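Just coords_28.tsv here, TSV, C-alpha atoms:
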chain	number	residue	atom	x	y	z
R	25	MET	CA	34.36	14.67	13.02
R	26	GLY	CA	32.68	13.68	9.77
R	27	ALA	CA	29.06	14.47	9.07
R	28	ALA	CA	26.60	11.59	9.29
R	29	GLN	CA	25.15	10.17	6.11
R	30	ARG	CA	21.84	8.44	5.73
R	31	LEU	CA	20.49	5.91	3.29
R	32	GLU	CA	17.01	4.54	2.77
R	33	LEU	CA	17.14	1.05	1.28
R	34	VAL	CA	13.73	-0.09	0.01
R	35	VAL	CA	13.66	-3.84	-0.65
R	36	VAL	CA	10.49	-5.28	-2.17
R	37	ARG	CA	9.32	-8.75	-3.15
R	38	HIS	CA	8.17	-9.63	-6.65
R	39	GLY	CA	4.50	-10.01	-7.58
R	40	VAL	CA	2.55	-13.25	-7.35
R	41	THR	CA	3.26	-16.28	-9.53
R	42	ALA	CA	1.32	-19.47	-10.19
R	43	TRP	CA	3.76	-21.35	-7.97
R	44	ASN	CA	3.11	-18.89	-5.13
R	45	LEU	CA	-0.60	-19.69	-5.31
R	46	GLU	CA	0.14	-23.41	-5.53
R	47	ARG	CA	2.50	-23.03	-2.53
R	48	ARG	CA	5.41	-24.55	-4.40
R	49	TYR	CA	9.01	-23.81	-3.49
R	50	GLN	CA	10.26	-21.62	-6.33
R	51	GLY	CA	13.81	-20.94	-5.28
R	52	GLN	CA	15.91	-20.15	-8.29
R	53	ARG	CA	13.54	-21.58	-10.89
R	54	ASP	CA	12.80	-18.82	-13.40
R	55	ILE	CA	9.02	-18.65	-12.92
R	56	PRO	CA	7.16	-15.66	-14.47
R	57	LEU	CA	4.46	-13.58	-12.81
R	58	LEU	CA	0.88	-14.78	-12.93
R	59	LEU	CA	-0.96	-12.13	-14.93
R	60	PRO	CA	-3.36	-10.48	-14.47
R	61	ASP	CA	-3.50	-11.78	-10.87
R	62	ALA	CA	-0.29	-9.97	-9.91
R	63	LEU	CA	-1.42	-6.54	-11.08
R	64	ALA	CA	-3.46	-5.28	-8.12
R	65	ASP	CA	-0.63	-5.71	-5.60
R	66	MET	CA	1.95	-4.30	-8.01
R	67	ASP	CA	-0.29	-1.31	-8.77
R	68	ARG	CA	-0.47	-0.60	-5.03
R	69	LEU	CA	3.31	-0.73	-4.76
R	70	ARG	CA	3.77	1.42	-7.86
R	71	ASP	CA	1.44	4.08	-6.45
R	72	HIS	CA	3.29	4.03	-3.13
R	73	LEU	CA	6.66	4.57	-4.79
R	74	SER	CA	5.50	6.98	-7.49
R	75	ASP	CA	6.70	10.13	-5.72
R	76	GLU	CA	10.06	8.74	-4.61
R	77	ALA	CA	13.32	9.48	-6.40
R	78	PHE	CA	15.88	6.67	-6.33
R	79	ASP	CA	19.60	7.11	-6.85
R	80	ALA	CA	20.05	3.46	-7.86
R	81	VAL	CA	17.87	0.43	-8.50
R	82	HIS	CA	18.96	-3.18	-8.04
R	83	CYS	CA	17.00	-6.24	-9.11
R	84	SER	CA	17.28	-10.01	-9.00
R	85	ASP	CA	18.02	-11.33	-12.47
R	86	LEU	CA	15.07	-13.77	-12.35
R	87	ILE	CA	12.11	-12.97	-14.61
R	88	ARG	CA	9.51	-12.50	-11.87
R	89	CYS	CA	11.58	-9.69	-10.37
R	90	ARG	CA	12.36	-8.16	-13.75
R	91	GLN	CA	8.65	-8.11	-14.61
R	92	THR	CA	7.83	-6.53	-11.26
R	93	LEU	CA	10.39	-3.78	-11.79
R	94	MET	CA	9.11	-3.09	-15.31
R	95	HIS	CA	5.59	-2.62	-13.91
R	96	VAL	CA	6.48	-0.62	-10.81
R	97	LEU	CA	9.31	1.57	-12.16
R	98	PRO	CA	9.44	1.16	-15.96
R	99	ALA	CA	11.75	4.15	-16.36
R	100	TRP	CA	14.48	2.20	-14.59
R	101	GLU	CA	14.40	-0.87	-16.85
R	102	ALA	CA	17.51	0.15	-18.80
R	103	ALA	CA	19.54	1.54	-15.88
R	104	ALA	CA	18.76	-1.05	-13.20
R	105	LEU	CA	21.54	-3.31	-11.94
R	106	PHE	CA	20.50	-6.96	-12.30
R	107	ASP	CA	22.29	-9.08	-9.73
R	108	SER	CA	22.12	-12.83	-9.13
R	109	ARG	CA	23.04	-12.27	-5.48
R	110	LEU	CA	19.49	-11.00	-4.95
R	111	ARG	CA	18.01	-14.35	-5.99
R	112	GLU	CA	15.82	-16.46	-3.73
R	113	LEU	CA	17.31	-19.16	-1.51
R	114	ASP	CA	18.27	-22.22	-3.54
R	115	PHE	CA	15.85	-24.90	-2.33
R	116	GLY	CA	17.66	-27.63	-4.24
R	117	ASP	CA	15.68	-30.87	-4.50
R	118	TYR	CA	12.58	-29.21	-3.02
R	119	GLU	CA	12.07	-26.69	-5.83
R	120	GLY	CA	8.75	-27.24	-7.58
R	121	ARG	CA	7.41	-29.30	-4.68
R	122	THR	CA	4.84	-28.46	-1.99
R	123	TRP	CA	4.67	-28.91	1.77
R	124	GLU	CA	1.87	-31.43	1.28
R	125	ALA	CA	4.09	-33.60	-0.89
R	126	LEU	CA	7.12	-33.29	1.40
R	127	LYS	CA	5.67	-33.33	4.92
R	128	GLU	CA	6.37	-37.04	5.56
R	129	ASP	CA	9.99	-36.80	4.38
R	130	ALA	CA	12.34	-36.96	7.39
R	131	ARG	CA	15.03	-34.89	5.64
R	132	TYR	CA	12.46	-32.20	4.90
R	133	ARG	CA	11.25	-32.12	8.50
R	134	ALA	CA	14.84	-31.82	9.72
R	135	TRP	CA	15.42	-28.90	7.39
R	136	ILE	CA	12.26	-27.14	8.55
R	137	ASP	CA	13.11	-27.73	12.20
R	138	SER	CA	16.59	-26.28	11.72
R	139	ALA	CA	15.13	-22.81	10.89
R	140	GLY	CA	17.49	-22.40	7.97
R	141	GLU	CA	20.67	-23.68	9.63
R	142	GLN	CA	20.68	-26.77	7.45
R	143	ALA	CA	20.67	-26.61	3.67
R	144	PRO	CA	17.97	-28.53	1.79
R	145	PRO	CA	19.38	-31.41	-0.27
R	146	GLY	CA	21.19	-29.85	-3.22
R	147	GLY	CA	20.40	-26.32	-1.99
R	148	GLU	CA	21.84	-23.65	0.29
R	149	SER	CA	21.53	-22.74	3.95
R	150	ALA	CA	20.35	-19.40	5.31
R	151	GLU	CA	23.99	-18.65	6.14
R	152	ALA	CA	24.96	-19.17	2.49
R	153	LEU	CA	22.10	-16.88	1.42
R	154	TRP	CA	23.31	-14.22	3.87
R	155	THR	CA	26.87	-14.49	2.55
R	156	ARG	CA	25.81	-13.32	-0.90
R	157	LEU	CA	23.30	-10.78	0.42
R	158	GLU	CA	25.91	-9.32	2.77
R	159	ALA	CA	28.37	-8.91	-0.10
R	160	TRP	CA	25.70	-7.13	-2.15
R	161	LEU	CA	24.65	-4.93	0.77
R	162	GLY	CA	28.25	-3.97	1.44
R	163	GLU	CA	28.57	-2.71	-2.12
R	164	VAL	CA	25.32	-0.74	-1.86
R	165	LEU	CA	26.52	0.97	1.32
R	166	LEU	CA	29.96	1.67	-0.17
R	167	GLN	CA	28.37	3.27	-3.23
R	168	ALA	CA	26.11	5.33	-0.96
R	169	ALA	CA	29.15	6.67	0.88
R	170	GLU	CA	31.19	7.33	-2.25
R	171	ARG	CA	28.44	8.63	-4.52
R	172	GLY	CA	26.09	10.25	-2.03
R	173	HIS	CA	23.16	7.93	-2.67
R	174	ARG	CA	20.26	8.72	-0.36
R	175	ARG	CA	17.60	6.26	-1.52
R	176	VAL	CA	18.04	2.89	-3.25
R	177	LEU	CA	15.47	0.32	-4.38
R	178	ALA	CA	15.98	-3.44	-4.68
R	179	VAL	CA	13.53	-5.97	-6.10
R	180	SER	CA	14.15	-9.38	-4.59
R	181	HIS	CA	12.43	-12.44	-3.12
R	182	GLY	CA	10.70	-13.49	0.07
R	183	GLY	CA	13.61	-15.50	1.45
R	184	GLY	CA	16.10	-12.72	0.81
R	185	ILE	CA	13.95	-10.11	2.53
R	186	ARG	CA	13.35	-12.45	5.46
R	187	GLU	CA	17.10	-12.91	5.85
R	188	LEU	CA	17.73	-9.16	5.67
R	189	ARG	CA	15.12	-8.63	8.37
R	190	ARG	CA	16.66	-11.33	10.54
R	191	ARG	CA	20.12	-9.76	10.30
R	192	LEU	CA	19.14	-6.07	10.36
R	193	GLU	CA	16.03	-6.08	12.56
R	194	GLY	CA	16.73	-9.10	14.74
R	195	SER	CA	13.43	-10.71	13.75
R	196	ASP	CA	12.80	-14.41	14.24
R	197	PHE	CA	13.51	-16.63	11.23
R	198	TRP	CA	9.82	-17.46	10.78
R	199	GLU	CA	8.52	-13.92	11.41
R	200	GLY	CA	10.27	-12.04	8.63
R	201	VAL	CA	8.06	-13.09	5.72
R	202	VAL	CA	6.49	-10.36	3.56
R	203	GLY	CA	3.72	-10.72	0.97
R	204	GLN	CA	3.97	-10.33	-2.78
R	205	ALA	CA	4.79	-6.78	-3.94
R	206	GLN	CA	5.52	-5.82	-0.33
R	207	GLY	CA	8.76	-5.24	1.51
R	208	ARG	CA	10.71	-3.16	3.99
R	209	ARG	CA	12.31	0.26	4.14
R	210	PHE	CA	15.64	0.01	6.00
R	211	GLU	CA	17.11	3.28	7.28
R	212	PHE	CA	20.88	3.39	7.68
R	213	ASP	CA	23.11	5.95	9.37
R	214	ASN	CA	26.81	6.30	8.57
R	215	GLN	CA	28.95	7.61	11.39
R	216	GLU	CA	32.62	7.96	10.47
R	217	GLY	CA	32.49	5.18	7.90
R	218	GLU	CA	30.42	2.67	9.87
R	219	TRP	CA	26.88	1.97	8.67
R	220	ARG	CA	24.16	0.84	11.06
R	221	CYS	CA	20.49	0.09	10.42
R	222	ARG	CA	18.61	2.34	12.83
R	223	ALA	CA	15.00	1.68	11.80
R	224	SER	CA	12.77	-0.19	9.37
R	225	SER	CA	9.16	0.01	8.28
R	226	VAL	CA	6.66	-1.74	6.05
R	227	VAL	CA	6.33	-1.03	2.30
R	228	PRO	CA	3.83	-0.11	1.02
R	229	ILE	CA	2.27	1.61	4.02
R	230	ARG	CA	-1.08	-0.02	4.74
R	231	VAL	CA	-4.00	2.37	5.04
R	232	ASP	CA	-6.96	0.83	6.82
R	233	ALA	CA	-10.40	1.90	5.65
R	234	GLY	CA	-12.71	3.26	8.26
Hey, can you dump this file as structure tokens for me?
Amino acid sequence: MGAAQRLELVVVRHGVTAWNLERRYQGQRDIPLLLPDALADMDRLRDHLSDEAFDAVHCSDLIRCRQTLMHVLPAWEAAALFDSRLRELDFGDYEGRTWEALKEDARYRAWIDSAGEQAPPGGESAEALWTRLEAWLGEVLLQAAERGHRRVLAVSHGGGIRELRRRLEGSDFWEGVVGQAQGRRFEFDNQEGEWRCRASSVVPIRVDAG
């Protein structure tokens, strides 16, 4: 009977952008961080991760995630694996637009009401997002088994993390959102070649004053 293996997968969202503050759908538009507004949250995340050793680091290839990684873990800039599968959901025709501008559009309302089952015009559904995330996750878990990785970091987007939470935690579609420079720590066990997510927790840990 083989010994169990464990993996901690820390998945964090990029820092804040101007489009985040304007509540615009960013999707796969290559929008940079809003500096210096993004720094406080990213500093908090950097401090939280400062004592952790990662065996591998993955990052969306979009600039807002690259900039976040460079701030939080600059030593990994050269060795990180930049992967388009970690990109945000493709919002298609809605990218660059706001809820206020779209709220009277019947197609938009139908998309919202579908909780991700439909794809926005010209974009992708939650199922399509999961297809690429699942392929990426499968590779991460395979590498953990073959190379003995114990802790892996990924820098991604809000929609991607929400979908991971929905699939791994069983959270509701609308409840899995995390803030900028925040994320989740997923804990996996491997029993005889089969990986299962056994627990998850918030990143960074919030410490309430008082």
Legend entry - Given only C-alpha atoms as the counted atoms, nearest of R:Arg53, R:Leu110, R:Trp154, R:Ala139 to R:Asp196: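 Selected residue with least distance to R:Asp196: R:Ala139.
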Inset, instruction - Compare R:Val179, R:Val96, R:Cys221, R:Leu33 by their minimum atom-to-atom distance to R:Glu193, counting all atoms listed in the file, and give me the closest one. - result: R:Cys221
Inset, instruction - Just the residues within 6 Å of stretch 34-38 of chain R, please, counting all atoms listed in the file, with nothing from its chain fewer than 3 positions along; format it as number ranges by chain. - result: R: 89, 92, 177-182, 204-209
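Reported to one decimal place, the separation of atom CA of R:Ile87 from atom CA of R:Ile55 is 6.7 Å.
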Legend entry - Distance criterion (all atoms listed in the file): nearest to R:Ala77 out of R:Leu97, R:Ile185, R:Ala125, R:Ala104: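 Smallest distance to R:Ala77 is found for R:Leu97.
Nearest residue to R:Leu73, choosing from R:Asp117, R:His95, R:Trp43, R:Arg174 and counting all atoms listed in the file: R:His95.
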Inset, instruction - Tell me, in Å to one decimal, how far atom CA of R:Arg30 is from atom CA of R:Ser84. - result: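 Going from atom CA of R:Arg30 over to atom CA of R:Ser84, I get 24.0 Å.
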Inset, instruction - Starting from the point (22.0, -10.8, -2.8), work out which residues of protein, DNA or RNA have an atom no more than 9 Å away when counting all atoms listed in the file; state them as a VMD selection string. - result: chain R and resid 84 107 to 112 153 to 161 180 184
Inset, instruction - Provide the atom CA of R:Gln167 to atom CA of R:Ala80 distance in Å, to one decimal place. - result: 9.5 Å
Within 9 Å of (11.0, -13.0, 9.4) (coordinates as in the file), grab all the protein and nucleic acid residues, counting all atoms listed in the file, and write them out as a PDB file with C-alpha atoms, in the coordinates of the input.
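Output contents, as saved in point-v3.pdb:
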ATOM      1  CA  GLY R 183      13.610 -15.500   1.450  1.00  0.00           C
ATOM      2  CA  ILE R 185      13.950 -10.110   2.530  1.00  0.00           C
ATOM      3  CA  ARG R 186      13.350 -12.450   5.460  1.00  0.00           C
ATOM      4  CA  GLU R 187      17.100 -12.910   5.850  1.00  0.00           C
ATOM      5  CA  LEU R 188      17.730  -9.160   5.670  1.00  0.00           C
ATOM      6  CA  ARG R 189      15.120  -8.630   8.370  1.00  0.00           C
ATOM      7  CA  ARG R 190      16.660 -11.330  10.540  1.00  0.00           C
ATOM      8  CA  GLY R 194      16.730  -9.100  14.740  1.00  0.00           C
ATOM      9  CA  SER R 195      13.430 -10.710  13.750  1.00  0.00           C
ATOM     10  CA  ASP R 196      12.800 -14.410  14.240  1.00  0.00           C
ATOM     11  CA  PHE R 197      13.510 -16.630  11.230  1.00  0.00           C
ATOM     12  CA  TRP R 198       9.820 -17.460  10.780  1.00  0.00           C
ATOM     13  CA  GLU R 199       8.520 -13.920  11.410  1.00  0.00           C
ATOM     14  CA  GLY R 200      10.270 -12.040   8.630  1.00  0.00           C
ATOM     15  CA  VAL R 201       8.060 -13.090   5.720  1.00  0.00           C
ATOM     16  CA  VAL R 202       6.490 -10.360   3.560  1.00  0.00           C
TER      17      VAL R 202
END
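For the set R:Gln29, R:Gln91, R:Ser224, R:Ser149, the residue with the smallest atom-to-atom gap to R:Ala168 is R:Gln29, counting only C-alpha atoms.
The protein and nucleic acid residues lying at most 9 Å from R:Glu101 are Arg90, Leu93 and Met94 of chain R, with all atoms listed in the file considered and sequence neighbours fewer than 5 positions away removed.
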Legend entry - Long-range neighbours of R:Arg48 as an NGL selection string, 10 Å cut-off, all atoms listed in the file, 5 positions minimum in chain: :R and (41-43 or 118-125)
Legend entry - Nearest to R:Leu69 by atom-to-atom distance, counting all atoms listed in the file, from R:Leu126, R:Glu170, R:Gly39, R:Val81: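 The shortest atom-to-atom distance to R:Leu69 comes from R:Gly39.
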Legend entry - Spatial neighbours of R:His72, 9 Å, all atoms listed in the file, chain gap at least 6 places, as a list in words: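 The filter keeps Val227, Pro228 and Ile229 of chain R.
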Same residues, C-alpha atoms, output as a PDB file, in the frame of the given file:
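Output file again_19.pdb is given in full below:
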ATOM      1  CA  VAL R 227       6.330  -1.030   2.300  1.00  0.00           C
ATOM      2  CA  PRO R 228       3.830  -0.110   1.020  1.00  0.00           C
ATOM      3  CA  ILE R 229       2.270   1.610   4.020  1.00  0.00           C
TER       4      ILE R 229
END
